[in-house]
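This report refers to the structure that appears directly beneath it.
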Amino acid sequence: MSHRAVSAAIAVAVLGASVAGGVPLMANELAATDRERAIIAASRPADAPHFHGARVVGVRPGTPLLHALAVSGRRPIRFEADGLPAGLTLDSDSGILSGILAKPGKHTVAVRARNAFGFASSTLRVEAGSALALSPPMGWNSYDAFGDCVTEAEVLANARWMQDRVQPMGWDLVTVDFRWYDRLADGVRVQDPEGNTLDAFGRMIPAPNRFPSSAGGAGFAPLAAKLHAMGLKLGIHIMRGIPRRAVDANAPIEGTRYHAADAVAPISDPNRECAWNRDMYGVDAGTPAGKAWYAGLARQYAAWGVDFIKCDDMLDLQRGRHYGGAEVEALADGLKRCGRSITLSLSPGPAPVNASRHLQQHASMWRISGDFWDNWPALDRQFDLFADWMPDVAPGSWSDGDTLPLGHICVRNCDVRPARWTRFTRDEQLTMLSLWALASSPLLVGANLPECDEWTAALLTNPAVLAVDQDPVARPARRMRGAPITGEIWRKDLADGSTAYGFFNRTEAPIHVEAPWSWLGYPKPPAVRDLWTGADLGRRPTFAVDLAPHACTLVKTTR
């Protein structure tokens, strides 16, 4: 049976099942409560245009910029811009902004969108400088659904769904995760270097049986071109270090007189081997050969048109005993000099909080935990981890809560089984998205997107919740706990002068939350809107809500 047939059979079996306690696994389950129906209704876009997503983007001077304006509304839509700096152009049909800014600087561009149903305008700030990812990245990652064996066809299917359904809300990153270079990967076989595909310089290249467009040395360039034409960006996962097979063959390092044996970390180095993957050896990043290795990787990825790198085994080497600072620097320096603006994400966590200054200098985002999966203890722990990192959140520096395990996951994943619809209850899914938004975390969804049901799609397209995550000022959220308040409250001040509050129940029993507005910082009651449903809640002396176990309410207040 083919992979596709196996996946379909698993999906039918899993999506039609249920688990003990009545937690639904049905992908097409209808909204069960008035609140759930209101949440779905609040996420349906109007016919007229409306701007969403990032309001500030970063690019390095002299490197290509590609940014698709995020605009909902009935297509076709025509796009216009005033104040475009020299070197940038806007495609009036697609809304794709592209070009090169030769010099550093900040530019505010007035953008407009028009269709048969209406007109919308906004501003976009483009900053040419050293910082990238000035808004938290939003996109899809292949790992939760496909582990180490995603195919090009599956990547493109998810990309097309993104383009049609969520790119208008700001989701624009497609990341090919773990071990795209293994020609033998099937979602069952244990990972082994024997199937890894390398070029003449010992660098991993896409397995052509899984990524047919990469044949003939093309690498990911054809896939990147297809995504860029959709207004999407290409991300890839890599492992820290140099392939073992490259070291065994003592492959030359491209563009230098060095060879792999000159770059590999010595046997005595405790970071020579990854604790959980056998593909690579660590690099001695303090040597010219080690630096040359990472510089060669960066040039390869730039030539392919890659926009985002998720580098694994960088933050928590040897299960918490080491931080790979020297290799972080070598890779970051290579990317800065590669001729392309490539965002660097570091994984897995937990990142060491005492390395925050170093992380801010060399990466755009870093994981706060190990791999995050669909169980309440893992989600409950993220509250405390996010709180630890809040002082370090700023545009271009994001603490990453990891991929959101929503929808149909573990379609083919030999690391985490079985195939299933997310085990998170709907209350827990709302809690997760609300926490990530308040924490300004990157939003990376792990579902097989073409199978998304109406509920999951609504979670990904709620404009008010996404706006909290993408707020351009990105002020750190504050956690408020203790008497006289039951439960936990998070507060985030927004760029427009309003404030977002998340009221959370992290306990196993229902609670009643009643918070005087004076305790929350208001001398008199503000106007309150429920961000998930869009309902106006009026002005009352106290905010009161009943929360089921693991549930939340996310509101926005204005004076």
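Each chain in the structure tokens gets a letter, A, B, ..., in the order shown, and its residues are numbered from 1; ligands are numbered from 1 in order too.
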**Message:** as a ChimeraX atom specification, please: every residue in range 40-257 of chain A that DSSP puts in strand (DSSP E or B).
**Reply:** /A:50-51,56-59,64-68,71-72,78-82,88-90,96-100,105-115,118-128,138-141,173-176,182,196,198,204,233-239,242-243,252
**Request:** Please measure the separation of CA of Asn413 in chain A and CA of Ser399 in chain A, giving the value in Å to one decimal.
**Result:**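 For CA of Asn413 in chain A relative to CA of Ser399 in chain A, the distance reads 25.6 Å.
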**Request:** Choose the residue, out of A:Ser121, A:Asn277, A:Pro64, A:Ala355, that has the smallest atom-to-atom separation from His228 in chain A; count only C-alpha atoms.
**Result:**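 Ranked by minimum distance to His228 in chain A, first place goes to A:Pro64.
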**Asked** Which residues in range 351-435 of chain A does DSSP call alpha helix (DSSP H)? List them as a count of residues only.
**Response** 31
Wanna dump the range 292-399 of chain A-range 256-267 of chain A contacts at 12 Å for me, each residue with its shortest atom pair and the distance in Å to one decimal, counting only C-alpha atoms, ordered by chain and number, as JSON lines?
```
{"residue": "A:Ala292", "atom": "CA", "partner": "A:Thr256", "partner_atom": "CA", "distance": 7.4}
{"residue": "A:Trp293", "atom": "CA", "partner": "A:Ala263", "partner_atom": "CA", "distance": 6.9}
{"residue": "A:Tyr294", "atom": "CA", "partner": "A:Ala263", "partner_atom": "CA", "distance": 9.6}
{"residue": "A:Ala295", "atom": "CA", "partner": "A:Thr256", "partner_atom": "CA", "distance": 10.5}
{"residue": "A:Gly296", "atom": "CA", "partner": "A:Thr256", "partner_atom": "CA", "distance": 9.2}
{"residue": "A:Ala326", "atom": "CA", "partner": "A:Ala265", "partner_atom": "CA", "distance": 11.6}
{"residue": "A:Glu327", "atom": "CA", "partner": "A:Ala265", "partner_atom": "CA", "distance": 10.6}
{"residue": "A:Ala330", "atom": "CA", "partner": "A:Ala263", "partner_atom": "CA", "distance": 11.8}
```
Same residues, N, CA and C atoms, output as a JSON list (two decimals), in the first residue's frame:
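The resulting file, result.json, is reproduced below:
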```
[["chain", "number", "residue", "atom", "x", "y", "z"],
["A", 292, "ALA", "N", 34.02, 28.02, 8.25],
["A", 292, "ALA", "CA", 33.83, 27.85, 6.81],
["A", 292, "ALA", "C", 32.70, 26.86, 6.51],
["A", 293, "TRP", "N", 32.57, 25.83, 7.34],
["A", 293, "TRP", "CA", 31.50, 24.85, 7.14],
["A", 293, "TRP", "C", 30.13, 25.54, 7.23],
["A", 294, "TYR", "N", 29.92, 26.30, 8.30],
["A", 294, "TYR", "CA", 28.63, 26.95, 8.46],
["A", 294, "TYR", "C", 28.40, 28.03, 7.40],
["A", 295, "ALA", "N", 29.47, 28.72, 7.00],
["A", 295, "ALA", "CA", 29.32, 29.72, 5.93],
["A", 295, "ALA", "C", 28.91, 29.06, 4.62],
["A", 296, "GLY", "N", 29.46, 27.87, 4.35],
["A", 296, "GLY", "CA", 29.08, 27.15, 3.13],
["A", 296, "GLY", "C", 27.63, 26.70, 3.16],
["A", 326, "ALA", "N", 28.92, 28.61, 20.64],
["A", 326, "ALA", "CA", 29.91, 28.84, 19.58],
["A", 326, "ALA", "C", 29.33, 28.46, 18.22],
["A", 327, "GLU", "N", 28.59, 27.36, 18.15],
["A", 327, "GLU", "CA", 27.99, 26.98, 16.88],
["A", 327, "GLU", "C", 26.84, 27.89, 16.51],
["A", 330, "ALA", "N", 28.58, 30.78, 14.85],
["A", 330, "ALA", "CA", 29.12, 30.45, 13.53],
["A", 330, "ALA", "C", 28.01, 30.38, 12.48]]
```
